[in-house]
$ cat entry_28.cif   # mmCIF, C-alpha atoms
data_target
loop_
_atom_site.label_atom_id
_atom_site.label_comp_id
_atom_site.auth_asym_id
_atom_site.auth_seq_id
_atom_site.Cartn_x
_atom_site.Cartn_y
_atom_site.Cartn_z
CA MET A 8 29.14 83.15 -31.13
CA THR A 9 29.46 79.57 -30.11
CA ALA A 10 26.48 77.19 -30.05
CA LYS A 11 25.35 76.14 -26.65
CA GLN A 12 26.26 72.59 -25.84
CA ALA A 13 23.42 70.27 -24.87
CA PRO A 14 23.44 69.67 -21.18
CA THR A 15 24.57 66.23 -20.15
CA VAL A 16 22.01 64.28 -18.22
CA GLU A 17 22.95 61.32 -16.11
CA PRO A 18 21.11 58.08 -16.86
CA SER A 19 19.59 58.04 -13.39
CA ARG A 20 18.00 61.43 -14.07
CA LEU A 21 16.41 60.51 -17.35
CA PRO A 22 12.64 60.89 -17.45
CA GLN A 23 10.67 57.76 -16.87
CA SER A 24 9.32 57.75 -20.42
CA SER A 25 12.82 57.79 -21.90
CA SER A 26 13.93 54.99 -19.61
CA GLN A 27 10.95 52.88 -20.58
CA LYS A 28 11.55 53.62 -24.28
CA ARG A 29 15.19 52.52 -24.02
CA LYS A 30 14.12 49.40 -22.16
CA THR A 31 11.59 48.62 -24.86
CA GLU A 32 14.18 49.06 -27.61
CA TRP A 33 16.60 46.77 -25.76
CA SER A 34 13.92 44.14 -25.32
CA SER A 35 13.05 44.23 -29.03
CA ASP A 36 16.73 43.90 -29.99
CA SER A 37 17.13 40.95 -27.64
CA GLY A 38 14.03 39.36 -29.10
CA GLU A 39 15.47 39.62 -32.62
CA GLU A 40 18.72 38.03 -31.47
CA LEU A 41 16.82 35.14 -29.85
CA GLU A 42 14.86 34.56 -33.01
CA GLU A 43 18.08 34.33 -35.03
CA ASP A 44 20.13 32.26 -32.58
CA LEU A 45 17.66 29.66 -31.20
CA PRO A 46 16.63 26.95 -33.69
CA GLY A 47 12.98 26.13 -33.65
CA PHE A 48 12.09 29.28 -31.76
CA LEU A 49 9.34 30.06 -34.23
CA ASP A 50 7.88 26.55 -34.06
CA SER A 51 4.31 26.11 -33.01
CA ASN A 52 5.45 24.79 -29.60
CA PRO A 53 8.68 26.66 -28.83
CA ARG A 54 10.85 25.59 -25.94
CA VAL A 55 11.69 28.54 -23.71
CA GLU A 56 14.24 28.46 -20.94
CA PRO A 57 12.84 29.17 -17.46
CA GLY A 58 15.13 32.17 -17.06
CA LEU A 59 13.73 33.86 -20.20
CA GLN A 60 10.16 33.87 -18.93
CA SER A 61 8.91 37.17 -17.60
CA GLY A 62 7.44 37.57 -14.17
CA PHE A 63 4.02 38.12 -15.67
CA SER A 64 4.16 34.77 -17.47
CA GLY A 65 5.19 33.08 -14.25
CA GLN A 66 2.25 34.59 -12.43
CA LYS A 67 -0.08 33.53 -15.24
CA ARG A 68 1.20 29.97 -15.13
CA LYS A 69 0.85 29.96 -11.37
CA ARG A 70 -2.76 31.07 -11.67
CA GLU A 71 -3.43 28.38 -14.30
CA CYS A 72 -1.93 25.70 -12.04
CA SER A 73 -4.02 26.96 -9.18
CA SER A 74 -7.17 26.76 -11.27
CA ASP A 75 -6.28 23.23 -12.37
CA SER A 76 -5.74 22.22 -8.76
CA GLU A 77 -9.07 23.74 -7.80
CA GLU A 78 -10.81 21.76 -10.56
CA GLU A 79 -9.18 18.55 -9.32
CA LEU A 80 -10.25 19.32 -5.77
CA GLU A 81 -13.82 19.82 -6.95
CA ASP A 82 -13.83 16.28 -8.35
CA LEU A 83 -12.81 14.85 -4.97
CA ASP A 84 -15.22 14.09 -2.20
CA PRO A 85 -15.45 17.38 -0.28
CA GLU A 86 -16.18 15.54 2.96
CA PRO A 87 -14.25 12.24 3.04
CA LYS A 88 -15.67 9.75 5.46
CA HIS A 89 -13.54 9.32 8.54
CA PRO A 90 -13.03 5.71 9.61
CA TRP A 91 -14.13 6.63 13.15
CA ASP A 92 -17.68 7.57 14.11
CA VAL A 93 -19.02 8.63 17.47
CA GLU A 94 -21.21 5.84 18.80
CA THR A 95 -22.26 7.32 22.16
CA LEU A 96 -21.66 10.64 23.87
CA CYS A 97 -22.14 11.10 27.62
CA GLY A 98 -20.90 14.34 29.16
CA LEU A 99 -17.22 14.67 28.36
CA GLU A 100 -16.81 10.97 27.59
CA MET A 101 -17.51 9.51 24.19
CA THR A 102 -17.17 6.10 22.61
CA LEU A 103 -15.68 5.80 19.15
CA LYS A 104 -16.62 3.05 16.76
CA LYS A 105 -14.34 2.33 13.85
CA GLN A 106 -16.00 1.89 10.47
CA ARG A 107 -14.63 -0.91 8.35
CA VAL A 108 -13.43 0.23 4.96
CA TYR A 109 -14.08 -2.42 2.32
CA LEU A 110 -11.37 -2.47 -0.31
CA VAL A 111 -12.73 -5.31 -2.45
CA GLN A 112 -13.09 -4.03 -5.99
CA PRO A 113 -15.23 -5.48 -8.82
CA GLU A 114 -12.14 -6.91 -10.50
CA HIS A 115 -11.49 -9.10 -7.46
CA HIS A 116 -14.97 -10.58 -7.77
CA GLU A 117 -14.32 -11.13 -11.48
CA VAL A 118 -11.08 -12.97 -10.71
CA PHE A 119 -12.90 -15.22 -8.26
CA ALA A 120 -15.68 -15.93 -10.79
CA ARG A 121 -13.02 -16.82 -13.35
CA MET A 122 -11.42 -19.21 -10.87
CA LEU A 123 -14.74 -21.01 -10.42
CA GLU A 124 -14.65 -21.88 -14.14
CA ASP A 125 -11.27 -23.57 -13.80
CA PRO A 126 -11.72 -27.36 -14.26
CA VAL A 127 -9.46 -28.24 -11.29
CA VAL A 128 -11.28 -25.81 -8.98
CA LYS A 129 -14.61 -27.22 -10.18
CA ARG A 130 -13.53 -30.76 -9.38
CA PHE A 131 -12.24 -29.68 -6.00
CA LEU A 132 -15.51 -27.99 -5.01
CA ALA A 133 -17.47 -31.03 -6.18
CA TRP A 134 -15.09 -33.30 -4.26
CA ASP A 135 -15.60 -31.34 -1.00
CA LYS A 136 -19.18 -32.52 -0.54
CA LYS A 137 -19.16 -32.00 3.23
CA LEU A 138 -17.96 -28.40 2.79
CA ARG A 139 -15.16 -29.01 5.26
CA VAL A 140 -12.76 -26.65 3.47
CA SER A 141 -14.90 -24.63 1.07
CA ASP A 142 -18.08 -23.32 2.61
CA LYS A 143 -19.35 -19.86 1.65
CA TYR A 144 -17.47 -18.00 4.38
CA LEU A 145 -14.13 -19.57 3.56
CA LEU A 146 -14.69 -18.80 -0.12
CA SER A 147 -15.54 -15.20 0.77
CA MET A 148 -12.18 -14.96 2.49
CA VAL A 149 -10.54 -16.00 -0.77
CA ILE A 150 -11.93 -12.87 -2.44
CA ALA A 151 -10.81 -10.74 0.51
CA TYR A 152 -7.28 -12.12 0.19
CA PHE A 153 -7.28 -11.45 -3.55
CA SER A 154 -8.08 -7.81 -2.80
CA ARG A 155 -5.24 -7.52 -0.28
CA ALA A 156 -2.51 -9.25 -2.26
CA GLY A 157 -2.11 -6.28 -4.61
CA LEU A 158 -1.73 -8.30 -7.81
CA PHE A 159 -3.18 -7.40 -11.17
CA SER A 160 -6.27 -9.38 -12.10
CA TRP A 161 -4.47 -11.15 -14.94
CA GLN A 162 -1.70 -12.33 -12.57
CA TYR A 163 -3.94 -14.60 -10.50
CA ARG A 164 -3.62 -18.27 -11.26
CA ARG A 165 -5.17 -21.48 -10.00
CA ILE A 166 -2.54 -21.83 -7.31
CA HIS A 167 -3.62 -18.51 -5.76
CA PHE A 168 -7.10 -19.91 -5.20
CA PHE A 169 -5.73 -22.86 -3.21
CA LEU A 170 -3.21 -20.68 -1.35
CA ALA A 171 -5.98 -18.32 -0.26
CA LEU A 172 -8.32 -21.18 0.65
CA TYR A 173 -5.61 -22.92 2.67
CA LEU A 174 -4.89 -19.67 4.51
CA ALA A 175 -8.62 -19.16 5.20
CA ASN A 176 -8.82 -22.61 6.77
CA ASP A 177 -5.65 -21.93 8.72
CA MET A 178 -7.27 -18.80 10.18
CA GLU A 179 -10.75 -20.16 10.89
CA GLU A 180 -10.47 -23.90 11.51
CA ASP A 181 -8.93 -25.37 14.63
CA ASN A 182 -8.80 -28.81 13.07
CA GLN A 183 -5.77 -29.48 10.87
CA ALA A 184 -7.47 -32.24 8.91
CA PRO A 185 -9.33 -29.96 6.43
CA LYS A 186 -6.07 -28.34 5.32
CA GLN A 187 -4.61 -31.77 4.73
CA ASP A 188 -7.57 -32.44 2.44
CA ILE A 189 -6.32 -29.67 0.14
CA PHE A 190 -2.90 -31.32 -0.07
CA HIS A 191 -4.50 -34.70 -0.63
CA PHE A 192 -6.54 -33.38 -3.53
CA LEU A 193 -3.65 -31.51 -5.16
CA TYR A 194 -0.75 -33.91 -4.62
CA GLY A 195 -2.25 -37.17 -3.44
CA LYS A 196 0.00 -38.96 -0.96
CA SER A 197 3.17 -37.29 -2.24
CA HIS A 198 4.89 -34.80 0.06
CA ALA A 199 7.41 -33.57 -2.50
CA GLN A 200 5.45 -30.45 -3.50
CA ARG A 201 4.37 -29.36 -0.03
CA PRO A 202 7.53 -27.33 0.82
CA LEU A 203 7.04 -25.32 -2.38
CA PHE A 204 3.38 -24.75 -1.50
CA HIS A 205 4.31 -23.42 1.93
CA LYS A 206 6.95 -21.15 0.39
CA LEU A 207 4.35 -19.69 -1.96
CA ARG A 208 1.93 -19.36 0.94
CA TYR A 209 4.50 -17.32 2.86
CA GLN A 210 5.03 -15.03 -0.13
CA PHE A 211 1.27 -14.65 -0.53
CA ILE A 212 0.85 -13.64 3.12
CA ARG A 213 3.71 -11.17 2.87
CA SER A 214 2.14 -9.57 -0.22
CA MET A 215 -0.94 -8.87 1.91
CA GLY A 216 1.11 -7.12 4.55
CA TRP A 217 0.35 -9.95 7.03
CA ASN A 218 -3.27 -8.80 7.14
CA THR A 219 -4.99 -12.20 7.23
CA TRP A 220 -7.94 -11.67 9.56
CA VAL A 221 -11.34 -11.33 7.88
CA SER A 222 -14.47 -10.60 9.87
CA ARG A 223 -17.83 -12.28 9.33
CA GLU A 224 -19.26 -8.88 8.49
CA GLU A 225 -16.80 -8.45 5.63
CA CYS A 226 -17.57 -11.94 4.32
CA GLU A 227 -21.28 -11.15 4.23
CA GLU A 228 -20.54 -7.85 2.51
CA ILE A 229 -18.59 -9.72 -0.16
CA GLN A 230 -21.46 -12.15 -0.71
CA THR A 231 -23.96 -9.34 -1.25
CA TYR A 232 -22.03 -8.10 -4.29
CA ASN A 233 -23.40 -11.00 -6.35
CA PRO A 234 -25.91 -12.83 -4.16
CA GLU A 235 -26.97 -15.11 -7.02
CA LEU A 236 -23.52 -16.71 -7.34
CA TRP A 237 -23.97 -20.44 -6.84
CA VAL A 238 -21.14 -20.91 -4.33
CA TRP A 239 -22.94 -18.77 -1.75
CA GLY A 240 -25.34 -21.65 -1.35
CA ARG A 241 -22.55 -23.73 0.18
CA ASP A 242 -23.84 -23.33 3.74
CA ARG A 243 -22.25 -25.84 6.08
CA THR A 244 -25.13 -25.62 8.57
CA LEU A 245 -27.57 -26.77 5.90
CA ASN A 246 -25.30 -29.45 4.48
CA PRO A 247 -26.98 -32.90 4.61
CA TRP A 248 -23.54 -34.58 4.66
CA LYS A 249 -22.22 -32.64 7.63
CA THR A 250 -20.69 -34.72 10.42
#
$ encode --input "entry_28.cif" --output "structure tokens"
Amino acid sequence: MTAKQAPTVEPSRLPQSSSQKRKTEWSSDSGEELEEDLPGFLDSNPRVEPGLQSGFSGQKRKRECSSDSEEELEDLDPEPKHPWDVETLCGLEMTLKKQRVYLVQPEHHEVFARMLEDPVVKRFLAWDKKLRVSDKYLLSMVIAYFSRAGLFSWQYRRIHFFLALYLANDMEEDNQAPKQDIFHFLYGKSHAQRPLFHKLRYQFIRSMGWNTWVSREECEEIQTYNPELWVWGRDRTLNPWKT
């Protein structure tokens, strides 16, 4: 009597438990091979190829990234202020008023305060007794230009103060004589350095993106940051030496 042969079962017809068991055994064998072949695999911070990560790990990482993004979004202003506000509303017509966004940071005020301690700048401000080129509004524009130039605070030098002040006079004063006073103070009667000054002025304007207009409102906003600063007392309308 011959023993009955075990029926052959195709792999596709294997029970689910057997298939899972074989898959688990294959995974454990592969894991042992990875541990033997990859150096540093057992380090505290192993480096794993993206293709070796399971789908579950990918989903977990995706959820962690999402939670991190949500935490970052919570730190942001949930309702950023739009630069346009409705001023009046009549029927279907409305008037929009644009809010000015002030970009002057504390470091720009600190740079300006440091410039005021420069001995050449001090002599220049004392020399301009009639406030023809350095009244409080023109000096406020200097801070505004510092904020727009995009330089680091430590990059500003004495020449930037005079470039910004010259540009402020160029924007606000119709008379050319005050700007010539800056040249007279810096270079005397010599004209040799003026081409270089104008070249630097052009580079300074370009660094600001050609944004040279400063409103009176912005100047007054700049002055309110440190209202006790002594240069804000340089009011041309109250100057006893005004012409």
$ residues_around --input "entry_28.cif" --residues "region 125-134 of chain A" --least-positions-apart "3" --cutoff "8 Å" --atoms "only C-alpha atoms" --output "list in words"
Arg121, Met122, Ser141, Arg165 and Phe192 of chain A
$ closest_residue --input "entry_28.cif" --among "A:Phe204, A:Phe159, A:Tyr209, A:Phe169" --to "Leu145 (chain A)" --atoms "only C-alpha atoms"
A:Phe169
$ residues_around --input "entry_28.cif" --residues "region 151-157 of chain A" --least-positions-apart "5" --cutoff "6 Å" --atoms "all atoms listed in the file" --output "tab-separated table (two decimals) with C-alpha atoms, keeping the file's coordinate frame"
chain	number	residue	atom	x	y	z
A	111	VAL	CA	-12.73	-5.31	-2.45
A	115	HIS	CA	-11.49	-9.10	-7.46
A	214	SER	CA	2.14	-9.57	-0.22
A	215	MET	CA	-0.94	-8.87	1.91
$ resolve_selection --input "entry_28.cif" --expression "the PyMOL selection byres ((chain A and resi 160) around 9)" --output "list in words"
Glu114, His115, Glu117, Val118, Phe153, Leu158, Phe159, Trp161, Gln162 and Tyr163 of chain A
$ resolve_selection --input "entry_28.cif" --expression "the PyMOL selection byres ((chain A and resi 143) around 12)" --output "number ranges by chain"
A: 132, 138-142, 144-150, 172, 175, 223, 226-227, 229-231, 234, 236-246
$ resolve_selection --input "entry_28.cif" --expression "the PyMOL selection byres ((chain A and resi 177) around 12)" --output "PDB file with C-alpha atoms, keeping the file's coordinate frame"
ATOM      1  CA  VAL A 140     -12.760 -26.650   3.470  1.00  0.00           C
ATOM      2  CA  LEU A 145     -14.130 -19.570   3.560  1.00  0.00           C
ATOM      3  CA  MET A 148     -12.180 -14.960   2.490  1.00  0.00           C
ATOM      4  CA  PHE A 169      -5.730 -22.860  -3.210  1.00  0.00           C
ATOM      5  CA  LEU A 170      -3.210 -20.680  -1.350  1.00  0.00           C
ATOM      6  CA  ALA A 171      -5.980 -18.320  -0.260  1.00  0.00           C
ATOM      7  CA  LEU A 172      -8.320 -21.180   0.650  1.00  0.00           C
ATOM      8  CA  TYR A 173      -5.610 -22.920   2.670  1.00  0.00           C
ATOM      9  CA  LEU A 174      -4.890 -19.670   4.510  1.00  0.00           C
ATOM     10  CA  ALA A 175      -8.620 -19.160   5.200  1.00  0.00           C
ATOM     11  CA  ASN A 176      -8.820 -22.610   6.770  1.00  0.00           C
ATOM     12  CA  MET A 178      -7.270 -18.800  10.180  1.00  0.00           C
ATOM     13  CA  GLU A 179     -10.750 -20.160  10.890  1.00  0.00           C
ATOM     14  CA  GLU A 180     -10.470 -23.900  11.510  1.00  0.00           C
ATOM     15  CA  ASP A 181      -8.930 -25.370  14.630  1.00  0.00           C
ATOM     16  CA  ASN A 182      -8.800 -28.810  13.070  1.00  0.00           C
ATOM     17  CA  GLN A 183      -5.770 -29.480  10.870  1.00  0.00           C
ATOM     18  CA  ALA A 184      -7.470 -32.240   8.910  1.00  0.00           C
ATOM     19  CA  PRO A 185      -9.330 -29.960   6.430  1.00  0.00           C
ATOM     20  CA  LYS A 186      -6.070 -28.340   5.320  1.00  0.00           C
ATOM     21  CA  GLN A 187      -4.610 -31.770   4.730  1.00  0.00           C
ATOM     22  CA  ILE A 189      -6.320 -29.670   0.140  1.00  0.00           C
ATOM     23  CA  ARG A 208       1.930 -19.360   0.940  1.00  0.00           C
ATOM     24  CA  ILE A 212       0.850 -13.640   3.120  1.00  0.00           C
ATOM     25  CA  THR A 219      -4.990 -12.200   7.230  1.00  0.00           C
ATOM     26  CA  TRP A 220      -7.940 -11.670   9.560  1.00  0.00           C
TER      27      TRP A 220
END
$ build_atoms --input "entry_28.cif" --residues "region 168-199 of chain A" --atoms "N, CA and C atoms" --output "compact mmCIF listing (two decimals), in the frame of the given file"
# COMPACT_ATOMS: atom_id res chain seq x y z
N PHE A 168 -5.83 -19.50 -5.80
CA PHE A 168 -7.10 -19.91 -5.20
C PHE A 168 -6.85 -20.87 -4.04
N PHE A 169 -5.99 -21.87 -4.25
CA PHE A 169 -5.73 -22.86 -3.21
C PHE A 169 -4.87 -22.27 -2.08
N LEU A 170 -3.98 -21.35 -2.40
CA LEU A 170 -3.21 -20.68 -1.35
C LEU A 170 -4.13 -19.88 -0.44
N ALA A 171 -5.05 -19.13 -1.05
CA ALA A 171 -5.98 -18.32 -0.26
C ALA A 171 -6.93 -19.20 0.54
N LEU A 172 -7.40 -20.29 -0.05
CA LEU A 172 -8.32 -21.18 0.65
C LEU A 172 -7.62 -21.89 1.80
N TYR A 173 -6.38 -22.30 1.60
CA TYR A 173 -5.61 -22.92 2.67
C TYR A 173 -5.41 -21.94 3.83
N LEU A 174 -5.10 -20.69 3.48
CA LEU A 174 -4.89 -19.67 4.51
C LEU A 174 -6.19 -19.38 5.26
N ALA A 175 -7.32 -19.38 4.54
CA ALA A 175 -8.62 -19.16 5.20
C ALA A 175 -8.91 -20.27 6.21
N ASN A 176 -8.63 -21.50 5.84
CA ASN A 176 -8.82 -22.61 6.77
C ASN A 176 -7.84 -22.54 7.93
N ASP A 177 -6.65 -22.07 7.65
CA ASP A 177 -5.65 -21.93 8.72
C ASP A 177 -6.08 -20.90 9.75
N MET A 178 -6.82 -19.86 9.29
CA MET A 178 -7.27 -18.80 10.18
C MET A 178 -8.53 -19.18 10.94
N GLU A 179 -9.42 -19.94 10.33
CA GLU A 179 -10.75 -20.16 10.89
C GLU A 179 -10.95 -21.54 11.51
N GLU A 180 -10.23 -22.53 11.06
CA GLU A 180 -10.47 -23.90 11.51
C GLU A 180 -9.41 -24.32 12.51
N ASP A 181 -9.86 -24.84 13.63
CA ASP A 181 -8.93 -25.37 14.63
C ASP A 181 -8.40 -26.74 14.24
N ASN A 182 -9.19 -27.47 13.50
CA ASN A 182 -8.80 -28.81 13.07
C ASN A 182 -7.84 -28.72 11.90
N GLN A 183 -6.76 -29.47 11.95
CA GLN A 183 -5.77 -29.48 10.87
C GLN A 183 -6.16 -30.39 9.71
N ALA A 184 -7.11 -31.27 9.94
CA ALA A 184 -7.47 -32.24 8.91
C ALA A 184 -8.00 -31.60 7.63
N PRO A 185 -8.85 -30.55 7.69
CA PRO A 185 -9.33 -29.96 6.43
C PRO A 185 -8.21 -29.43 5.54
N LYS A 186 -7.18 -28.83 6.14
CA LYS A 186 -6.07 -28.34 5.32
C LYS A 186 -5.32 -29.49 4.66
N GLN A 187 -5.25 -30.61 5.33
CA GLN A 187 -4.61 -31.77 4.73
C GLN A 187 -5.43 -32.29 3.55
N ASP A 188 -6.74 -32.04 3.58
CA ASP A 188 -7.57 -32.44 2.44
C ASP A 188 -7.17 -31.70 1.17
N ILE A 189 -6.76 -30.43 1.31
CA ILE A 189 -6.32 -29.67 0.14
C ILE A 189 -5.06 -30.30 -0.45
N PHE A 190 -4.11 -30.66 0.42
CA PHE A 190 -2.90 -31.32 -0.07
C PHE A 190 -3.24 -32.67 -0.71
N HIS A 191 -4.15 -33.40 -0.09
CA HIS A 191 -4.50 -34.70 -0.63
C HIS A 191 -5.11 -34.58 -2.02
N PHE A 192 -5.93 -33.56 -2.21
CA PHE A 192 -6.54 -33.38 -3.53
C PHE A 192 -5.51 -32.94 -4.57
N LEU A 193 -4.61 -32.05 -4.19
CA LEU A 193 -3.65 -31.51 -5.16
C LEU A 193 -2.52 -32.48 -5.47
N TYR A 194 -1.98 -33.13 -4.43
CA TYR A 194 -0.75 -33.91 -4.62
C TYR A 194 -0.90 -35.39 -4.26
N GLY A 195 -2.08 -35.78 -3.84
CA GLY A 195 -2.25 -37.17 -3.44
C GLY A 195 -1.47 -37.46 -2.17
N LYS A 196 -0.78 -38.58 -2.14
CA LYS A 196 0.00 -38.96 -0.96
C LYS A 196 1.43 -38.45 -1.02
N SER A 197 1.80 -37.81 -2.10
CA SER A 197 3.17 -37.29 -2.24
C SER A 197 3.36 -36.04 -1.39
N HIS A 198 4.53 -35.96 -0.75
CA HIS A 198 4.89 -34.80 0.06
C HIS A 198 5.95 -33.95 -0.61
N ALA A 199 6.30 -34.27 -1.84
CA ALA A 199 7.41 -33.57 -2.50
C ALA A 199 7.09 -32.10 -2.78
